[in-house]
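Q: Mind having a look at this structure? Questions to follow.
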Amino acid sequence: MSKTITIDSKAIPFEEGQTIMEAAAAAGIYIPHLCHHPDYTPHGSCKLCNVKVNGRVCSACTFPAMEGQEILNETKELNDDRRKITQMLFVEGNHLCPGCEKSGNCKLQAVGYYLNMLDNHFVHFFARRNLDASHPEVLIDLNRCIFCTLCVRASQQKDGKDVFAISGRGINKQLIFNAESGLLKDTDLEATDEAAHICPTGAILIKRTGYHVPIGERIYDHKQIDQVSLETEHPEHGK
Amino acid sequence: MKQFIQNLAEKNGYQASHLLQILKAIQFRYHYVPEGAIEQLAGLLHIPRTRIISVVEFYSFFHSYPKGQYELLISDSITDHMLDKINLTAYLARQLKVAVGGVREDGLVSLDNTSCTGMCDQGPAGMVNGHALTKLDHARIDAIADLINQQKPLAEWPAELFQVEDNIRKPGLLLTQQIGHGAALRAAFKRGLPETLTEIEQSGLRGRGGAGFKTAMKWRFCSEEAQSERYVVCNADEGEPGTFKDRVLLNSYAHQVFEGMTLCAAIIGAKQGFLYLRGEYLHLLDKLQGILDERRKAGLLGSNILREGLDFDIEIRMGAGAYICGEESALIESLEGKPGIPRNRPPYPVTQGYLGKPTVVNNVETFLAAAGIALNGGGWFANVGTDKSKGTKILSISGDCPCPGIYEYPFGTSIQSVLTDCGANDVLGIQIGGPSGAFISNQEFDRKLAFEDLATGGSFIIFNNSRNILDIVHNFTHFFAHESCGFCTPCRVGTSLLKKQLDKIHEGHGSAGDVAALEELCRLVKKQSHCGLGQTAANPILTTLERYPELYQSRLKKISYEPGFDLDGALEIARRMANRTDAAAHLAQVGEDHE
Ligand SMILES: Cc1cc2nc3c(=O)[nH]c(=O)nc-3n(C[C@H](O)[C@H](O)[C@H](O)COP(=O)(O)O)c2cc1C
Ligand code: SF4
């Protein structure tokens with residue numbers, strides 16, 4: 001007999017070593033997330049995937065599935081908190097969606113839609129963030145960075161490089177580039193690197209491709225992120 | 001510089017885990033970490049430059065731009081504020097002609113604030129180039145300003161400026177008698193190590209660093225791990241504002257603390273231990289190194305300890321200004337030479353700690369108590385205290401009382417008896433357990449020190465009736481925003497939002513819904529944050545809001561909405577540019593709805 005956990009009262013099988021996120025996704029259950037990507041070591045920082053495990057708040061992307069867990073995921077309480085966490089990400093950076101090339105393909109925006117986020121709720125920080133346009137093919141706009149570290153991990157784990165890192169402490173964190181000059185053009189990043197494509201927001205963009213797909217025909221213009229996530233990250237549930 | 005860094009790297013065995021120690025030496029010498037040093041180190045240690053930059057930018061005591069040759073820092077603990085720190089700092093700034101937060105033009109001196117330096121019983125406190133300064137007053141500030149202007153090396157400064165007192169006011173079970181060097185270890189070997197672990201179990205000893213985990217259980221878990229390599233870590237980060245008992249224990253009871261660590265090593269099977277000493281306690285370093293040497297010579301450290309076949313040694317690693325490094329997994333990251341970012345758990349340190357190996361992390365006082373128990377037996381300890389909280393607790397008492405200092409009490413002691421002992425009267429309330437603990441009002445002094453009632457890592461700050469609660473909460477809330485590591489969203493953004501929202505109310509810009517919004521935000525940060533820092537960062541607001549709701553409400557304007565900033569103030573630049581001062585160039589803030 002396989003082992004099971006329950007998510008919102010539904011019994012879900014899991015294998016030893018799986019996280020709650022993995023078990024859920026394999027069973028076709030979407031748990032909101034931004035810093036998680038099934039191809040990379042889980043990070044556990046965005047906290048959108050926080051679920052209640054036997055009454056305790058745990059990050060689904062890092063917490064191991066264990067026999068007997070009763071997990072709450074789709075509750076009003078959790079989704080209200082997730083909406084506020086998303087709003088926090090919006091006010092911390094400078095996300096001007098109507099003017100952003102990524103609009104419609106952006107996971108941050110899509111999670112906002114999914115969680116029925118209608119305003120920013122909190123005061124804006126208006127943080128002063130830089131833009132690095134030095135690289136011939138890749139543009140980085142730190143105004144939109146949410147510190148998910150996916151580019152850091154992709155560069156290390158997929159591209160075999162070490163182009164990115166997060167530096168600083170607390171609210172003064174920033175993404176930095178591995179070059180003596182500190183400029184993107186002097187790193188060994190190439191436009192074909194996984195790290196150049198993994199960004200869930202519009203912080204890392206490939207130049208001159210922004211409007212190849214017109215607004216209105218983009219991923220989240222027609223589908224909710226839960227469906228897209230299960231389809232692309234766990235294709236067996238794409239129905 | 002090249003040769004200096006080459007030598008430094010060599011001295012540290014080209015180990016990336018020694019990065020903090022290396023950067024400390026560079027900061028000390030150049031008063032910043034130059035880009036060239038980063039490049040050279042990256043090559044020597046075989047790590048990416050970004051790793052070094054991220055460490056420099058994480059810790060408060062490292063800088064990527066030059067500070068003064070004399071780096072002055074003034075402690076920002078609430079107790080320093082209560083001792084007129086603001087005016088003294090302003091005076092110091094005037095005497096030295098340097099702005100707070102700035103470097104003087106000639107590069108000789110820089111001045112800034114820093115989180116609590118652990119001298120709350122002898123403040124206002126500060127630091128110069130990492131060395132603690134105590135009891136700052138006008139006379140001392142004049143002296144310091146003269147010494148700096150004359151460019152006197154620190155070695156020639158009068159010793160009394162650096163004098164740090166123990167102030168042990170009330171010793172109890174642990175502090176009354178020093179145990180003989182090696183006595184606890186001999187007793188443990190004589191009794192047998194498993195039997196000694198049982199004694200510790202029976203003593204009921206729980207961790208003294210705050211969380212209160214059963215010590216024997218932690219040691220047992222660690223000893224049962226399959227790995228052969230294990231580590232013992234003593235947590236002397238003592239960053240919780242208002243806590244300074246570990247400083248006193250390390251100054252006057254270090255043998256017993258090291259003995260506790262060695263005992264732990266014997267029981268769990270570790271060969272290497274670390275004392276993670278907060279950067280602010282640099283003044284203890286040489287003395288502690290000396291004690292380690294003494295113990296090596298006495299056969300109490302090193303190979304074949306007491307001829308019992310135990311090999312174990314202790315290395316001291318210094319922190320560099322980051323409260324979060326007191327959190328055990330962040331501490332381990334820091335020990336590995338990285339930014340102090342708490343790990344995901346599980347795995348816990350007892351299974352995967354330092355370098356991924358099973359590691360016991362305990363507080364200084366926990367090791368001290370464990371050594372006492374090994375010598376005197378579990379009953380000696382368990383006979384004192386309450387059912388759920390055995391033994392005694394060492395308190396660091398500061399704030400409004402005539403005799404601040406170190407007090408040791410059996411668990412179960414009432415707050416009132418503590419207050420009586422330290423001579424405090426006219427008390428408004430007490431912050432117990434530091435900012436991450438709770439504020440209790442003068443209606444609650446019959447409550448007890450105990451894990452089951454008022455738990456504390458040792459911080460006990462007394463406020464008299466002249467103090468303003470919102471000023472206190474303001475100080476604590478800013479502390480957390482400053483110390484958040486920034487890893488997780490709810491704390492990184494949430495602590496800054498808490499700061500903004502509280503300031504809005506504190507400064508009188510709050511309106512009807514603002515207290516409710518503040519409370520809602522508190523609950524979110526508390527519930528959703530990754531580690532204990534975020535989970536407790538809202539406590540100052542929550543515990544005072546619960547007790548003094550009217551205090552918050554009374555700060556609100558009687559209108560339904562109020563912008564979070566000063567509308568008229570924002571027009572000041574425009575007025576200056578237009579050279580206007582007339583009434584029409586001013587904007588009335590949203591008018592108050594008068595009743
Ligand atoms: C933000 C934060 C700061 C902490 N600071 C300290 C500290 O300075 N000293 C300490 O012993 N424990 C501190 N702790 C608790 C440690 O994580 C850990 O529980 C403790 O060192 C375990 O030792 P103990 O069982 O002997 O108490 C802190 C925890 C958090 C979340
Ligand atoms: S709660 Fe705060 S300190 Fe802890 S991991 Fe999150 S951001 Fe860092």
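Ordering of the structure tokens sets the chain letters (A, B, ...); residue numbers start at 1 within each chain; ligands are numbered from 1 in the order shown.
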Residues contacting ligand 2 - anything with an atom at most 9 Å away, using only C-alpha atoms and all ligand atoms - can you give me those as an MDAnalysis selection string?

A: (chainID A and resid 45 169:171) or (chainID B and resid 323:324 327 330 340:344 480:481 483:495 525:526 528:537)

Q: Take the residues from that selection and put them in a file with C-alpha atoms, as a short mmCIF file (atom, residue, chain, number, x, y, z; two decimals), in the first residue's frame.

A:
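Saved as result-v8.cif:
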data_model
loop_
_atom_site.label_atom_id
_atom_site.label_comp_id
_atom_site.auth_asym_id
_atom_site.auth_seq_id
_atom_site.Cartn_x
_atom_site.Cartn_y
_atom_site.Cartn_z
CA SER A 45 11.62 31.94 0.37
CA ARG A 169 20.50 42.11 3.92
CA GLY A 170 16.83 42.58 4.62
CA ILE A 171 14.98 45.07 2.51
CA TYR B 323 21.30 39.46 15.06
CA ILE B 324 19.96 36.70 12.83
CA GLU B 327 19.35 31.62 15.03
CA ALA B 330 21.87 30.98 10.33
CA GLY B 340 23.51 34.27 7.96
CA ILE B 341 20.37 33.03 6.28
CA PRO B 342 18.29 30.48 8.19
CA ARG B 343 18.06 27.12 6.51
CA ASN B 344 14.96 25.19 5.62
CA PHE B 480 13.69 43.94 13.55
CA ALA B 481 13.41 45.72 10.20
CA GLU B 483 18.01 42.83 11.32
CA SER B 484 15.68 40.88 9.03
CA CYS B 485 17.90 38.76 6.83
CA GLY B 486 15.58 39.35 3.90
CA PHE B 487 15.26 35.73 2.86
CA CYS B 488 11.49 35.38 3.07
CA THR B 489 8.84 37.79 1.81
CA PRO B 490 6.64 38.12 4.93
CA CYS B 491 9.55 39.23 7.09
CA ARG B 492 11.69 41.06 4.54
CA VAL B 493 8.83 43.26 3.36
CA GLY B 494 6.64 42.82 6.43
CA THR B 495 9.11 44.18 8.98
CA VAL B 525 4.25 38.51 9.61
CA LYS B 526 4.03 36.38 12.73
CA GLN B 528 3.90 33.29 7.66
CA SER B 529 7.57 34.09 8.32
CA HIS B 530 10.33 31.54 7.83
CA CYS B 531 12.14 31.76 11.15
CA GLY B 532 11.91 32.98 14.71
CA LEU B 533 12.96 36.51 13.81
CA GLY B 534 9.97 37.16 11.59
CA GLN B 535 7.72 35.11 13.83
CA THR B 536 8.47 37.39 16.79
CA ALA B 537 9.09 40.72 15.04
#

Q: Would you kindly return, as JSON, numbers by chain, each protein, DNA or RNA residue with an atom no farther than 10 Å from any atom of Ile305 of chain B, considering only C-alpha atoms and excluding same-chain residues fewer than 5 positions away?

A: {"B": [182, 185, 262, 266, 295, 296, 298, 299, 300, 310, 311, 312, 313]}

Q: Rank B:Arg523, B:His138, B:Lys218, B:Arg247 by their smallest atom-to-atom distance to chain A, using only C-alpha atoms, and report the top residue only.

A: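 Of B:Arg523, B:His138, B:Lys218, B:Arg247, the one nearest chain A, counting only C-alpha atoms, is B:Arg523.
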
Q: Counting only C-alpha atoms, what is within 12 Å of Arg144 of chain A, bar same-chain residues fewer than 2 positions away, as a short mmCIF file (atom, residue, chain, number, x, y, z; two decimals) with C-alpha atoms, in the first residue's frame?

A:
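File produced: around17.cif:
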data_model
loop_
_atom_site.label_atom_id
_atom_site.label_comp_id
_atom_site.auth_asym_id
_atom_site.auth_seq_id
_atom_site.Cartn_x
_atom_site.Cartn_y
_atom_site.Cartn_z
CA LEU A 89 6.14 41.71 -3.53
CA PHE A 90 4.34 44.30 -5.62
CA VAL A 91 4.93 47.23 -3.27
CA GLU A 92 8.51 46.29 -2.50
CA GLY A 93 9.65 46.60 -6.10
CA ASN A 94 8.37 48.76 -8.92
CA HIS A 95 5.96 46.70 -10.95
CA LEU A 96 4.28 48.88 -13.54
CA CYS A 97 2.53 46.07 -15.38
CA GLY A 99 4.44 49.16 -19.37
CA CYS A 100 6.19 45.85 -18.80
CA GLU A 101 7.19 43.59 -21.67
CA LYS A 102 6.45 40.55 -19.57
CA SER A 103 2.84 41.49 -18.88
CA CYS A 106 4.47 37.11 -15.82
CA LYS A 107 3.98 34.65 -12.98
CA LEU A 108 3.85 37.38 -10.35
CA GLN A 109 1.02 39.05 -12.20
CA PHE A 126 9.33 53.32 -4.41
CA ALA A 127 12.70 51.66 -4.03
CA ARG A 128 15.51 52.98 -6.17
CA ARG A 129 16.62 50.01 -8.24
CA ASN A 130 18.97 49.77 -11.16
CA LEU A 131 18.62 48.60 -14.70
CA LEU A 139 18.29 43.17 -20.19
CA ILE A 140 17.95 43.15 -16.43
CA ASP A 141 15.53 45.47 -14.70
CA LEU A 142 15.98 45.08 -10.96
CA ILE A 146 11.48 39.38 -6.35
CA PHE A 147 14.58 37.54 -5.02
CA CYS A 148 13.25 34.10 -5.93
CA GLN A 174 19.78 43.01 -4.52
CA LEU A 175 20.67 40.75 -7.38
CA CYS A 199 12.71 34.66 -14.40
CA PRO A 200 9.08 34.47 -13.29
CA THR A 201 8.72 38.25 -13.64
CA GLY A 202 10.00 40.81 -16.10
CA ALA A 203 13.32 41.30 -14.36
CA ILE A 204 15.34 39.33 -16.90
CA LEU A 205 14.31 39.87 -20.49
#

Q: Could you list, as number ranges by chain, all protein and nucleic acid residues with an atom at most 8 Å from ligand 1, counting only C-alpha atoms and all ligand atoms?

A: B: 206-215, 218, 234-240, 323-329, 361-367, 457, 531-534

Q: For chain A, which residues have at least one atom within 8 Å of chain B, if we go by only C-alpha atoms? Write them as a PyMOL selection string, please.

A: chain A and resi 43-47+50+57+62-64+81+85+88-89+92+122-123+162+164-173+176-180

Q: Deliver the residues from the most recent selection as a file, using N, CA, C and O atoms, as a compact mmCIF listing (two decimals), in the first residue's frame.

A:
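This is the output file result-v7.txt:
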# COMPACT_ATOMS: atom_id res chain seq x y z
N HIS A 43 13.71 26.36 -2.65
CA HIS A 43 14.33 27.48 -1.96
C HIS A 43 13.53 27.89 -0.73
O HIS A 43 14.08 28.20 0.32
N GLY A 44 12.21 27.91 -0.85
CA GLY A 44 11.37 28.17 0.32
C GLY A 44 11.32 29.60 0.79
O GLY A 44 11.10 29.86 1.96
N SER A 45 11.53 30.56 -0.11
CA SER A 45 11.62 31.94 0.37
C SER A 45 10.40 32.80 0.09
O SER A 45 10.14 33.73 0.83
N CYS A 46 9.65 32.51 -0.99
CA CYS A 46 8.57 33.45 -1.30
C CYS A 46 7.41 33.29 -0.33
O CYS A 46 6.69 34.23 -0.07
N LYS A 47 7.24 32.08 0.18
CA LYS A 47 6.23 31.76 1.19
C LYS A 47 4.80 31.74 0.66
O LYS A 47 3.85 31.67 1.44
N ASN A 50 3.03 28.39 1.47
CA ASN A 50 2.77 28.01 2.85
C ASN A 50 1.40 27.35 2.97
O ASN A 50 0.40 27.87 2.50
N VAL A 57 2.12 26.04 10.16
CA VAL A 57 2.43 26.60 8.85
C VAL A 57 3.78 26.07 8.35
O VAL A 57 4.78 26.14 9.06
N THR A 62 9.42 22.85 0.47
CA THR A 62 10.58 22.27 1.14
C THR A 62 10.21 21.21 2.18
O THR A 62 11.04 20.42 2.58
N PHE A 63 8.95 21.21 2.61
CA PHE A 63 8.61 20.32 3.71
C PHE A 63 8.30 18.91 3.19
O PHE A 63 7.54 18.74 2.26
N PRO A 64 8.93 17.89 3.79
CA PRO A 64 8.71 16.54 3.28
C PRO A 64 7.29 16.03 3.58
O PRO A 64 6.73 16.31 4.63
N ASP A 81 -3.86 35.36 3.07
CA ASP A 81 -2.46 35.65 3.41
C ASP A 81 -1.57 35.63 2.17
O ASP A 81 -0.68 36.45 2.01
N ILE A 85 0.89 38.47 0.73
CA ILE A 85 2.32 38.25 0.46
C ILE A 85 2.63 38.70 -0.98
O ILE A 85 3.66 39.32 -1.25
N MET A 88 2.81 42.30 -1.04
CA MET A 88 4.10 42.74 -0.50
C MET A 88 5.16 42.78 -1.60
O MET A 88 5.96 43.71 -1.69
N LEU A 89 5.16 41.74 -2.44
CA LEU A 89 6.14 41.71 -3.53
C LEU A 89 5.91 42.85 -4.50
O LEU A 89 6.85 43.43 -5.04
N GLU A 92 7.08 46.22 -2.79
CA GLU A 92 8.51 46.29 -2.50
C GLU A 92 9.31 46.73 -3.72
O GLU A 92 10.25 47.52 -3.61
N PHE A 122 -0.85 47.65 0.43
CA PHE A 122 0.17 48.29 1.28
C PHE A 122 0.75 49.54 0.60
O PHE A 122 0.56 49.73 -0.60
N VAL A 123 1.47 50.33 1.39
CA VAL A 123 2.10 51.52 0.80
C VAL A 123 3.28 51.09 -0.08
O VAL A 123 3.99 50.13 0.22
N ASP A 162 27.99 30.64 -12.87
CA ASP A 162 27.65 31.19 -11.57
C ASP A 162 27.46 32.70 -11.75
O ASP A 162 28.15 33.49 -11.15
N PHE A 164 24.82 34.76 -11.24
CA PHE A 164 24.03 35.62 -10.35
C PHE A 164 24.22 35.27 -8.88
O PHE A 164 24.55 34.14 -8.52
N ALA A 165 23.95 36.24 -8.02
CA ALA A 165 23.87 35.99 -6.58
C ALA A 165 22.99 37.07 -5.97
O ALA A 165 22.81 38.14 -6.56
N ILE A 166 22.44 36.76 -4.80
CA ILE A 166 21.69 37.77 -4.07
C ILE A 166 22.61 38.30 -2.99
O ILE A 166 23.21 37.53 -2.23
N SER A 167 22.72 39.60 -2.91
CA SER A 167 23.59 40.21 -1.92
C SER A 167 22.77 41.15 -1.03
O SER A 167 21.61 41.42 -1.30
N GLY A 168 23.41 41.64 0.02
CA GLY A 168 22.72 42.58 0.90
C GLY A 168 21.89 41.89 1.95
O GLY A 168 21.80 40.66 1.99
N ARG A 169 21.30 42.68 2.83
CA ARG A 169 20.50 42.11 3.92
C ARG A 169 19.14 42.79 3.97
O ARG A 169 19.04 43.97 3.67
N GLY A 170 18.15 42.02 4.39
CA GLY A 170 16.83 42.58 4.62
C GLY A 170 16.26 43.23 3.39
O GLY A 170 16.39 42.73 2.27
N ILE A 171 15.67 44.39 3.60
CA ILE A 171 14.98 45.07 2.51
C ILE A 171 15.98 45.63 1.50
O ILE A 171 15.61 46.01 0.40
N ASN A 172 17.25 45.64 1.85
CA ASN A 172 18.27 46.15 0.93
C ASN A 172 18.92 45.07 0.08
O ASN A 172 20.01 45.24 -0.45
N LYS A 173 18.25 43.96 -0.06
CA LYS A 173 18.80 42.90 -0.89
C LYS A 173 18.86 43.33 -2.35
O LYS A 173 18.03 44.13 -2.79
N ILE A 176 23.07 40.55 -7.80
CA ILE A 176 24.34 41.04 -8.33
C ILE A 176 24.88 40.08 -9.39
O ILE A 176 24.47 38.92 -9.46
N PHE A 177 25.79 40.61 -10.20
CA PHE A 177 26.30 39.86 -11.35
C PHE A 177 27.78 39.57 -11.15
O PHE A 177 28.52 40.43 -10.69
N ASN A 178 28.14 38.39 -11.56
CA ASN A 178 29.50 37.93 -11.31
C ASN A 178 30.48 38.44 -12.38
O ASN A 178 30.84 37.73 -13.30
N ALA A 179 30.87 39.70 -12.21
CA ALA A 179 31.90 40.28 -13.08
C ALA A 179 32.63 41.32 -12.25
O ALA A 179 32.04 41.94 -11.38
N GLU A 180 33.90 41.51 -12.57
CA GLU A 180 34.67 42.47 -11.81
C GLU A 180 34.05 43.85 -11.90
O GLU A 180 33.99 44.60 -10.93

Q: Between B:Ser417, B:Thr198, B:Ser334, B:Asn383, which is the closest to Ser17 of chain B once you count only C-alpha atoms?

A: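 Using only C-alpha atoms, Ser17 of chain B sits closest to B:Ser334.
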
Q: Could you name the residues that touch segment 91-106 of chain B at 9 Å or less, counting only C-alpha atoms, but leaving out those on the same chain fewer than 5 positions away, as a ChimeraX atom specification?

A: /B:66-68,71,86,111-113,138,141-142,144-146,148-149

Q: Determine, counting only C-alpha atoms, which protein, DNA and RNA residues have an atom within 9 Å of an atom of segment 211-219 of chain A; residues of the same chain fewer than 2 positions away are not included. Present the result as a ChimeraX atom specification.

A: /A:101-106,208-209,221-225,228

Q: So which one's closest to Asp421 of chain B, B:Gly192, B:Pro402, B:Gly378, B:Gly302? Using only C-alpha atoms, please.

A: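 The answer is B:Pro402, which sits nearest to Asp421 of chain B.
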